[in-house]
>>> print(open('run-v2.cif').read())   # mmCIF, C-alpha atoms, pLDDT in the B column; chains and numbers go by the auth columns
data_data
#
loop_
_atom_site.group_PDB
_atom_site.id
_atom_site.type_symbol
_atom_site.label_atom_id
_atom_site.label_comp_id
_atom_site.label_asym_id
_atom_site.label_seq_id
_atom_site.Cartn_x
_atom_site.Cartn_y
_atom_site.Cartn_z
_atom_site.B_iso_or_equiv
_atom_site.auth_seq_id
_atom_site.auth_asym_id
ATOM 1 C CA MET A 1 -60.520 -37.705 253.938 42.00 8 A
ATOM 2 C CA SER A 2 -60.739 -39.210 257.405 42.00 9 A
ATOM 3 C CA SER A 3 -60.815 -37.160 260.580 45.00 10 A
ATOM 4 C CA PRO A 4 -57.971 -37.269 263.144 47.00 11 A
ATOM 5 C CA ARG A 5 -60.238 -39.300 265.450 49.00 12 A
ATOM 6 C CA THR A 6 -60.521 -42.158 262.993 47.00 13 A
ATOM 7 C CA THR A 7 -57.029 -42.134 261.513 60.00 14 A
ATOM 8 C CA ARG A 8 -55.032 -45.109 262.749 65.00 15 A
ATOM 9 C CA ARG A 9 -51.315 -44.632 262.916 67.00 16 A
ATOM 10 C CA PRO A 10 -48.600 -47.172 263.660 71.00 17 A
ATOM 11 C CA THR A 11 -47.951 -47.521 267.392 74.00 18 A
ATOM 12 C CA ALA A 12 -44.414 -46.072 267.218 81.00 19 A
ATOM 13 C CA GLN A 13 -45.687 -42.982 265.380 84.00 20 A
ATOM 14 C CA ARG A 14 -48.589 -42.528 267.789 83.00 21 A
ATOM 15 C CA GLN A 15 -46.281 -43.009 270.810 87.00 22 A
ATOM 16 C CA ASP A 16 -43.998 -40.298 269.466 88.00 23 A
ATOM 17 C CA GLU A 17 -46.978 -38.011 268.874 89.00 24 A
ATOM 18 C CA LEU A 18 -48.335 -38.635 272.370 90.00 25 A
ATOM 19 C CA THR A 19 -44.928 -38.030 273.955 89.00 26 A
ATOM 20 C CA SER A 20 -44.586 -34.722 272.082 88.00 27 A
ATOM 21 C CA ALA A 21 -48.101 -33.718 273.073 88.00 28 A
ATOM 22 C CA ALA A 22 -47.380 -34.584 276.708 87.00 29 A
ATOM 23 C CA LEU A 23 -44.344 -32.294 276.660 86.00 30 A
ATOM 24 C CA GLU A 24 -46.461 -29.523 275.091 87.00 31 A
ATOM 25 C CA LEU A 25 -49.042 -29.864 277.859 86.00 32 A
ATOM 26 C CA ILE A 26 -46.294 -29.785 280.484 82.00 33 A
ATOM 27 C CA ALA A 27 -44.912 -26.603 278.884 80.00 34 A
ATOM 28 C CA THR A 28 -48.223 -24.793 278.617 83.00 35 A
ATOM 29 C CA ARG A 29 -50.210 -26.035 281.604 83.00 36 A
ATOM 30 C CA GLY A 30 -47.768 -27.750 283.963 78.00 37 A
ATOM 31 C CA ILE A 31 -47.221 -31.403 284.665 76.00 38 A
ATOM 32 C CA SER A 32 -50.151 -31.598 287.065 77.00 39 A
ATOM 33 C CA ALA A 33 -52.463 -30.881 284.096 80.00 40 A
ATOM 34 C CA LEU A 34 -51.176 -33.917 282.223 82.00 41 A
ATOM 35 C CA THR A 35 -54.048 -36.386 282.364 84.00 42 A
ATOM 36 C CA THR A 36 -55.122 -38.992 279.840 85.00 43 A
ATOM 37 C CA ARG A 37 -58.270 -36.966 279.164 87.00 44 A
ATOM 38 C CA ALA A 38 -56.329 -33.718 278.543 89.00 45 A
ATOM 39 C CA LEU A 39 -53.770 -35.534 276.405 89.00 46 A
ATOM 40 C CA ALA A 40 -56.457 -37.277 274.345 88.00 47 A
ATOM 41 C CA ALA A 41 -58.236 -33.976 273.731 89.00 48 A
ATOM 42 C CA HIS A 42 -54.947 -32.307 272.768 88.00 49 A
ATOM 43 C CA VAL A 43 -54.148 -35.011 270.192 86.00 50 A
ATOM 44 C CA GLY A 44 -57.719 -35.552 269.002 87.00 51 A
ATOM 45 C CA ILE A 45 -58.272 -39.158 270.078 86.00 52 A
ATOM 46 C CA THR A 46 -60.363 -40.839 272.723 83.00 53 A
ATOM 47 C CA GLY A 47 -58.970 -41.359 276.208 79.00 54 A
ATOM 48 C CA GLY A 48 -59.106 -45.110 275.743 83.00 55 A
ATOM 49 C CA ALA A 49 -57.042 -44.911 272.568 84.00 56 A
ATOM 50 C CA ILE A 50 -54.038 -43.750 274.593 87.00 57 A
ATOM 51 C CA PHE A 51 -53.992 -47.095 276.362 86.00 58 A
ATOM 52 C CA ARG A 52 -53.551 -48.916 273.065 87.00 59 A
ATOM 53 C CA HIS A 53 -50.130 -47.264 272.880 87.00 60 A
ATOM 54 C CA PHE A 54 -49.191 -46.939 276.555 88.00 61 A
ATOM 55 C CA PRO A 55 -50.606 -49.400 279.084 89.00 62 A
ATOM 56 C CA THR A 56 -50.593 -46.811 281.893 86.00 63 A
ATOM 57 C CA LEU A 57 -50.050 -43.098 282.432 84.00 64 A
ATOM 58 C CA ASP A 58 -46.784 -44.036 284.172 86.00 65 A
ATOM 59 C CA ALA A 59 -45.650 -45.805 280.972 89.00 66 A
ATOM 60 C CA LEU A 60 -46.358 -42.618 279.024 88.00 67 A
ATOM 61 C CA LEU A 61 -44.428 -40.566 281.586 87.00 68 A
ATOM 62 C CA ASP A 62 -41.584 -43.062 281.308 90.00 69 A
ATOM 63 C CA ALA A 63 -41.514 -42.457 277.530 91.00 70 A
ATOM 64 C CA VAL A 64 -41.455 -38.688 278.144 89.00 71 A
ATOM 65 C CA VAL A 65 -38.481 -39.082 280.504 90.00 72 A
ATOM 66 C CA ALA A 66 -36.718 -41.355 277.997 92.00 73 A
ATOM 67 C CA ARG A 67 -37.092 -38.657 275.331 90.00 74 A
ATOM 68 C CA VAL A 68 -35.659 -36.048 277.708 91.00 75 A
ATOM 69 C CA GLU A 69 -32.733 -38.335 278.592 93.00 76 A
ATOM 70 C CA THR A 70 -31.916 -38.883 274.910 92.00 77 A
ATOM 71 C CA LEU A 71 -32.245 -35.204 274.075 91.00 78 A
ATOM 72 C CA LEU A 72 -30.011 -34.060 276.940 93.00 79 A
ATOM 73 C CA ALA A 73 -27.379 -36.743 276.361 94.00 80 A
ATOM 74 C CA GLY A 74 -27.122 -35.597 272.750 94.00 81 A
ATOM 75 C CA THR A 75 -26.098 -32.103 273.873 94.00 82 A
ATOM 76 C CA LEU A 76 -22.914 -33.167 275.690 96.00 83 A
ATOM 77 C CA PRO A 77 -19.999 -32.690 273.286 96.00 84 A
ATOM 78 C CA ASP A 78 -17.045 -35.054 273.118 96.00 85 A
ATOM 79 C CA GLU A 79 -14.858 -34.689 276.195 94.00 86 A
ATOM 80 C CA ALA A 80 -11.759 -34.936 273.991 95.00 87 A
ATOM 81 C CA LEU A 81 -12.445 -31.404 272.703 96.00 88 A
ATOM 82 C CA PRO A 82 -10.567 -28.501 274.276 96.00 89 A
ATOM 83 C CA PRO A 83 -12.484 -27.296 277.370 95.00 90 A
ATOM 84 C CA ARG A 84 -13.582 -23.908 276.028 92.00 91 A
ATOM 85 C CA GLU A 85 -14.757 -25.415 272.746 92.00 92 A
ATOM 86 C CA ARG A 86 -16.555 -28.131 274.696 94.00 93 A
ATOM 87 C CA LEU A 87 -18.384 -25.504 276.776 93.00 94 A
ATOM 88 C CA ALA A 88 -19.244 -23.353 273.757 90.00 95 A
ATOM 89 C CA ARG A 89 -20.660 -26.366 271.923 91.00 96 A
ATOM 90 C CA PHE A 90 -22.562 -27.443 275.030 93.00 97 A
ATOM 91 C CA VAL A 91 -24.202 -24.028 275.471 91.00 98 A
ATOM 92 C CA GLU A 92 -25.146 -23.946 271.782 88.00 99 A
ATOM 93 C CA ALA A 93 -26.429 -27.522 271.618 90.00 100 A
ATOM 94 C CA ARG A 94 -28.307 -27.515 274.928 90.00 101 A
ATOM 95 C CA SER A 95 -29.955 -24.122 274.532 87.00 102 A
ATOM 96 C CA THR A 96 -31.041 -24.969 270.978 86.00 103 A
ATOM 97 C CA ALA A 97 -32.282 -28.484 271.768 87.00 104 A
ATOM 98 C CA VAL A 98 -34.101 -27.574 274.965 86.00 105 A
ATOM 99 C CA GLY A 99 -35.466 -24.355 273.488 82.00 106 A
ATOM 100 C CA SER A 100 -36.933 -26.194 270.494 79.00 107 A
ATOM 101 C CA GLN A 101 -38.487 -29.051 272.497 77.00 108 A
ATOM 102 C CA VAL A 102 -41.224 -27.486 274.574 69.00 109 A
ATOM 103 C CA GLY A 103 -41.687 -28.875 278.050 79.00 110 A
ATOM 104 C CA VAL A 104 -38.162 -30.201 278.574 84.00 111 A
ATOM 105 C CA LEU A 105 -36.965 -27.151 280.474 82.00 112 A
ATOM 106 C CA GLN A 106 -40.043 -27.128 282.670 77.00 113 A
ATOM 107 C CA LEU A 107 -39.732 -30.831 283.338 78.00 114 A
ATOM 108 C CA VAL A 108 -36.103 -30.783 284.446 78.00 115 A
ATOM 109 C CA SER A 109 -36.137 -27.453 286.266 75.00 116 A
ATOM 110 C CA SER A 110 -39.430 -27.585 288.132 73.00 117 A
ATOM 111 C CA GLU A 111 -39.985 -29.275 291.456 74.00 118 A
ATOM 112 C CA GLN A 112 -43.489 -30.063 290.195 69.00 119 A
ATOM 113 C CA PHE A 113 -42.121 -33.101 288.398 69.00 120 A
ATOM 114 C CA GLN A 114 -41.052 -34.644 291.693 70.00 121 A
ATOM 115 C CA LEU A 115 -44.668 -34.666 292.804 74.00 122 A
ATOM 116 C CA ALA A 116 -46.239 -35.903 289.586 75.00 123 A
ATOM 117 C CA LEU A 117 -43.782 -38.426 288.168 80.00 124 A
ATOM 118 C CA PRO A 118 -43.170 -41.973 289.360 84.00 125 A
ATOM 119 C CA PRO A 119 -40.127 -42.155 291.706 87.00 126 A
ATOM 120 C CA ALA A 120 -37.980 -44.014 289.147 89.00 127 A
ATOM 121 C CA ALA A 121 -38.649 -41.282 286.555 87.00 128 A
ATOM 122 C CA VAL A 122 -37.757 -38.578 289.082 87.00 129 A
ATOM 123 C CA ALA A 123 -34.471 -40.357 289.795 90.00 130 A
ATOM 124 C CA ARG A 124 -33.699 -40.584 286.067 91.00 131 A
ATOM 125 C CA LEU A 125 -34.349 -36.874 285.523 89.00 132 A
ATOM 126 C CA GLN A 126 -32.252 -35.999 288.560 90.00 133 A
ATOM 127 C CA LYS A 127 -29.454 -38.126 287.128 93.00 134 A
ATOM 128 C CA CYS A 128 -29.636 -36.066 283.896 92.00 135 A
ATOM 129 C CA VAL A 129 -29.372 -32.847 285.896 91.00 136 A
ATOM 130 C CA ASP A 130 -26.451 -34.217 287.932 94.00 137 A
ATOM 131 C CA GLN A 131 -24.640 -35.486 284.814 96.00 138 A
ATOM 132 C CA THR A 132 -25.012 -32.099 283.145 95.00 139 A
ATOM 133 C CA ARG A 133 -23.657 -30.270 286.168 97.00 140 A
ATOM 134 C CA ALA A 134 -20.732 -32.716 286.442 98.00 141 A
ATOM 135 C CA TYR A 135 -19.994 -32.336 282.721 97.00 142 A
ATOM 136 C CA VAL A 136 -19.871 -28.539 282.929 97.00 143 A
ATOM 137 C CA VAL A 137 -17.809 -28.525 286.144 98.00 144 A
ATOM 138 C CA GLY A 138 -15.419 -31.055 284.583 97.00 145 A
ATOM 139 C CA ALA A 139 -14.936 -28.913 281.471 97.00 146 A
ATOM 140 C CA LEU A 140 -14.375 -25.818 283.592 97.00 147 A
ATOM 141 C CA ARG A 141 -11.813 -27.588 285.779 97.00 148 A
ATOM 142 C CA ALA A 142 -10.021 -28.927 282.710 97.00 149 A
ATOM 143 C CA GLY A 143 -9.881 -25.381 281.333 96.00 150 A
ATOM 144 C CA GLN A 144 -8.601 -24.052 284.628 96.00 151 A
ATOM 145 C CA THR A 145 -5.894 -26.713 284.607 96.00 152 A
ATOM 146 C CA ASP A 146 -4.743 -25.933 281.051 95.00 153 A
ATOM 147 C CA GLY A 147 -4.995 -22.166 281.611 94.00 154 A
ATOM 148 C CA SER A 148 -7.763 -21.517 279.069 93.00 155 A
ATOM 149 C CA ILE A 149 -10.384 -20.688 281.715 94.00 156 A
ATOM 150 C CA ARG A 150 -10.016 -18.339 284.646 93.00 157 A
ATOM 151 C CA ASP A 151 -9.070 -20.062 287.886 93.00 158 A
ATOM 152 C CA ASP A 152 -9.748 -17.207 290.299 92.00 159 A
ATOM 153 C CA ILE A 153 -13.369 -18.396 290.622 93.00 160 A
ATOM 154 C CA ASP A 154 -14.244 -21.932 291.708 95.00 161 A
ATOM 155 C CA ALA A 155 -15.431 -24.209 288.872 96.00 162 A
ATOM 156 C CA LYS A 156 -18.694 -24.965 290.696 97.00 163 A
ATOM 157 C CA SER A 157 -19.477 -21.247 290.924 95.00 164 A
ATOM 158 C CA LEU A 158 -18.649 -20.732 287.246 95.00 165 A
ATOM 159 C CA ALA A 159 -20.876 -23.701 286.406 96.00 166 A
ATOM 160 C CA VAL A 160 -23.867 -21.843 287.861 95.00 167 A
ATOM 161 C CA ILE A 161 -23.196 -19.012 285.401 93.00 168 A
ATOM 162 C CA VAL A 162 -22.744 -21.365 282.429 94.00 169 A
ATOM 163 C CA LEU A 163 -25.887 -23.343 283.257 93.00 170 A
ATOM 164 C CA GLY A 164 -27.903 -20.205 283.985 90.00 171 A
ATOM 165 C CA THR A 165 -26.851 -18.666 280.677 88.00 172 A
ATOM 166 C CA THR A 166 -27.760 -21.868 278.864 89.00 173 A
ATOM 167 C CA ARG A 167 -31.174 -21.893 280.481 87.00 174 A
ATOM 168 C CA LEU A 168 -31.754 -18.236 279.621 84.00 175 A
ATOM 169 C CA LEU A 169 -30.860 -18.894 275.992 84.00 176 A
ATOM 170 C CA ALA A 170 -33.217 -21.891 275.928 84.00 177 A
ATOM 171 C CA MET A 171 -36.024 -19.716 277.264 80.00 178 A
ATOM 172 C CA LYS A 172 -35.175 -16.965 274.735 74.00 179 A
ATOM 173 C CA ARG A 173 -36.339 -14.302 277.163 53.00 180 A
ATOM 174 C CA GLY A 174 -35.025 -10.824 277.608 53.00 181 A
ATOM 175 C CA GLY A 175 -34.604 -10.142 273.907 58.00 182 A
ATOM 176 C CA ALA A 176 -30.819 -10.513 274.104 65.00 183 A
ATOM 177 C CA ASP A 177 -28.974 -11.586 270.970 72.00 184 A
ATOM 178 C CA PRO A 178 -27.871 -15.197 271.610 74.00 185 A
ATOM 179 C CA ARG A 179 -24.517 -14.570 269.908 75.00 186 A
ATOM 180 C CA ALA A 180 -23.860 -11.600 272.168 78.00 187 A
ATOM 181 C CA VAL A 181 -24.792 -13.635 275.234 78.00 188 A
ATOM 182 C CA ARG A 182 -22.439 -16.454 274.204 77.00 189 A
ATOM 183 C CA LYS A 183 -19.657 -13.947 273.556 79.00 190 A
ATOM 184 C CA ALA A 184 -20.208 -12.412 276.990 82.00 191 A
ATOM 185 C CA LEU A 185 -20.030 -15.862 278.560 83.00 192 A
ATOM 186 C CA VAL A 186 -16.772 -16.663 276.779 79.00 193 A
ATOM 187 C CA THR A 187 -15.360 -13.301 277.901 82.00 194 A
ATOM 188 C CA LEU A 188 -16.367 -14.041 281.481 84.00 195 A
ATOM 189 C CA LEU A 189 -14.504 -17.351 281.361 88.00 196 A
ATOM 190 C CA GLU A 190 -11.311 -15.717 280.021 87.00 197 A
ATOM 191 C CA PRO A 191 -8.394 -15.922 282.414 87.00 198 A
ATOM 192 C CA PRO A 192 -7.791 -12.479 283.939 79.00 199 A
ATOM 193 C CA PRO A 193 -4.768 -10.637 282.566 78.00 200 A
ATOM 194 C CA PRO A 194 -1.636 -10.920 284.674 76.00 201 A
ATOM 195 C CA ALA A 195 -1.325 -8.244 287.322 71.00 202 A
ATOM 196 C CA ARG A 196 1.004 -5.427 286.346 74.00 203 A
ATOM 197 C CA PRO A 197 3.949 -4.888 288.631 73.00 204 A
ATOM 198 C CA ARG A 198 3.784 -1.673 290.610 71.00 205 A
#
>>> encode(input="run-v2.cif", output="structure tokens")
Amino acid sequence: MSSPRTTRRPTAQRQDELTSAALELIATRGISALTTRALAAHVGITGGAIFRHFPTLDALLDAVVARVETLLAGTLPDEALPPRERLARFVEARSTAVGSQVGVLQLVSSEQFQLALPPAAVARLQKCVDQTRAYVVGALRAGQTDGSIRDDIDAKSLAVIVLGTTRLLAMKRGGADPRAVRKALVTLLEPPPPARPR
């Protein structure tokens, strides 16, 4: 049986492994700790072997950002769905996907990435963040228009609550039951009952 240091894997498989390992390092030690030496040690290969699969560290970071882009895009439900269903599916999909892929949350929510990533990668991640915010605000506004979501609070303010809840569920902190949190969010979005005449 060969050791991990001598096992040769196809480039696509090794690139996927290195991208996953990079996200793990980002999650556990921060993006500033992501070096070719640390990554090689984490995966069990030599530092030079990384460059057989990625010509530069920036190319590796580009692959990490591409994975994040694909992951996040896959959590935006069809805009033809009713707004409340769209938001419920978004919260479920995003919190599950981001929570199961270590490093993604840290990468998109930390200002550290702006210092460590190439400018084009920073712009791509910012675009993901902006698209997510626009998606959620759009769903909230659509729900406010059709009467399925409360309209006494601005959609942008409600979006902060939806996105914050999604992030909390992805982090799985606080010990709260995810179903209870989702139910509370749905209740919060309910239109208020009509005022009773006095």
>>> residues_around(input="run-v2.cif", residues="A:Ala191", least_positions_apart="5", cutoff="12 Å", atoms="only C-alpha atoms", output="list in words")
Ala95, Ile168, Val169, Thr172, Ala183, Asp184, Pro185, Arg186, Leu196 and Glu197 of chain A
>>> write_last_selection(input="run-v2.cif", atoms="C-alpha atoms", output="PDB file, in the coordinates of the input")
ATOM      1  CA  ALA A  95     -19.244 -23.353 273.757  1.00 90.00           C
ATOM      2  CA  ILE A 168     -23.196 -19.012 285.401  1.00 93.00           C
ATOM      3  CA  VAL A 169     -22.744 -21.365 282.429  1.00 94.00           C
ATOM      4  CA  THR A 172     -26.851 -18.666 280.677  1.00 88.00           C
ATOM      5  CA  ALA A 183     -30.819 -10.513 274.104  1.00 65.00           C
ATOM      6  CA  ASP A 184     -28.974 -11.586 270.970  1.00 72.00           C
ATOM      7  CA  PRO A 185     -27.871 -15.197 271.610  1.00 74.00           C
ATOM      8  CA  ARG A 186     -24.517 -14.570 269.908  1.00 75.00           C
ATOM      9  CA  LEU A 196     -14.504 -17.351 281.361  1.00 88.00           C
ATOM     10  CA  GLU A 197     -11.311 -15.717 280.021  1.00 87.00           C
TER      11      GLU A 197
END
>>> residues_around(input="run-v2.cif", residues="A:Val98", least_positions_apart="2", cutoff="12 Å", atoms="all atoms listed in the file", output="ChimeraX atom specification")
/A:79,82-84,91-96,100-106,139,142-143,166,168-177,185-186,188-190,192-193
>>> atom_distance(input="run-v2.cif", atom1="atom CA of A:Thr53", atom2="atom CA of A:Leu122")
26.2 Å
>>> residues_around(input="run-v2.cif", residues="stretch 68-73 of chain A", least_positions_apart="4", cutoff="12 Å", atoms="all atoms listed in the file", output="ChimeraX atom specification")
/A:19,22-33,38-39,41-43,46,60-64,77-80,108-111,114-115,120,123-135
>>> atom_distance(input="run-v2.cif", atom1="atom CA of A:Leu67", atom2="atom CA of A:Phe97")
28.5 Å
>>> axis_aligned_box(input="run-v2.cif", around="stretch 151-160 of chain A", padding_each_side="6 Å", output="AutoDock Vina command-line options")
--center_x -9.1 --center_y -22.0 --center_z 284.8 --size_x 20.6 --size_y 21.5 --size_z 23.6
>>> resolve_selection(input="run-v2.cif", expression="the PyMOL selection byres ((chain A and resi 162) around 10)", output="PyMOL selection string")
chain A and resi 143-151+156-161+163-168
>>> atom_distance(input="run-v2.cif", atom1="atom CA of A:Ala34", atom2="atom CA of A:Ala187")
26.7 Å
>>> closest_residue(input="run-v2.cif", among="A:Pro198, A:Gln113, A:Asp137, A:Pro89", to="A:Arg36", atoms="all atoms listed in the file")
A:Gln113
>>> closest_residue(input="run-v2.cif", among="A:Ala141, A:Thr35, A:Val136, A:Ala47", to="A:Glu86", atoms="all atoms listed in the file")
A:Ala141
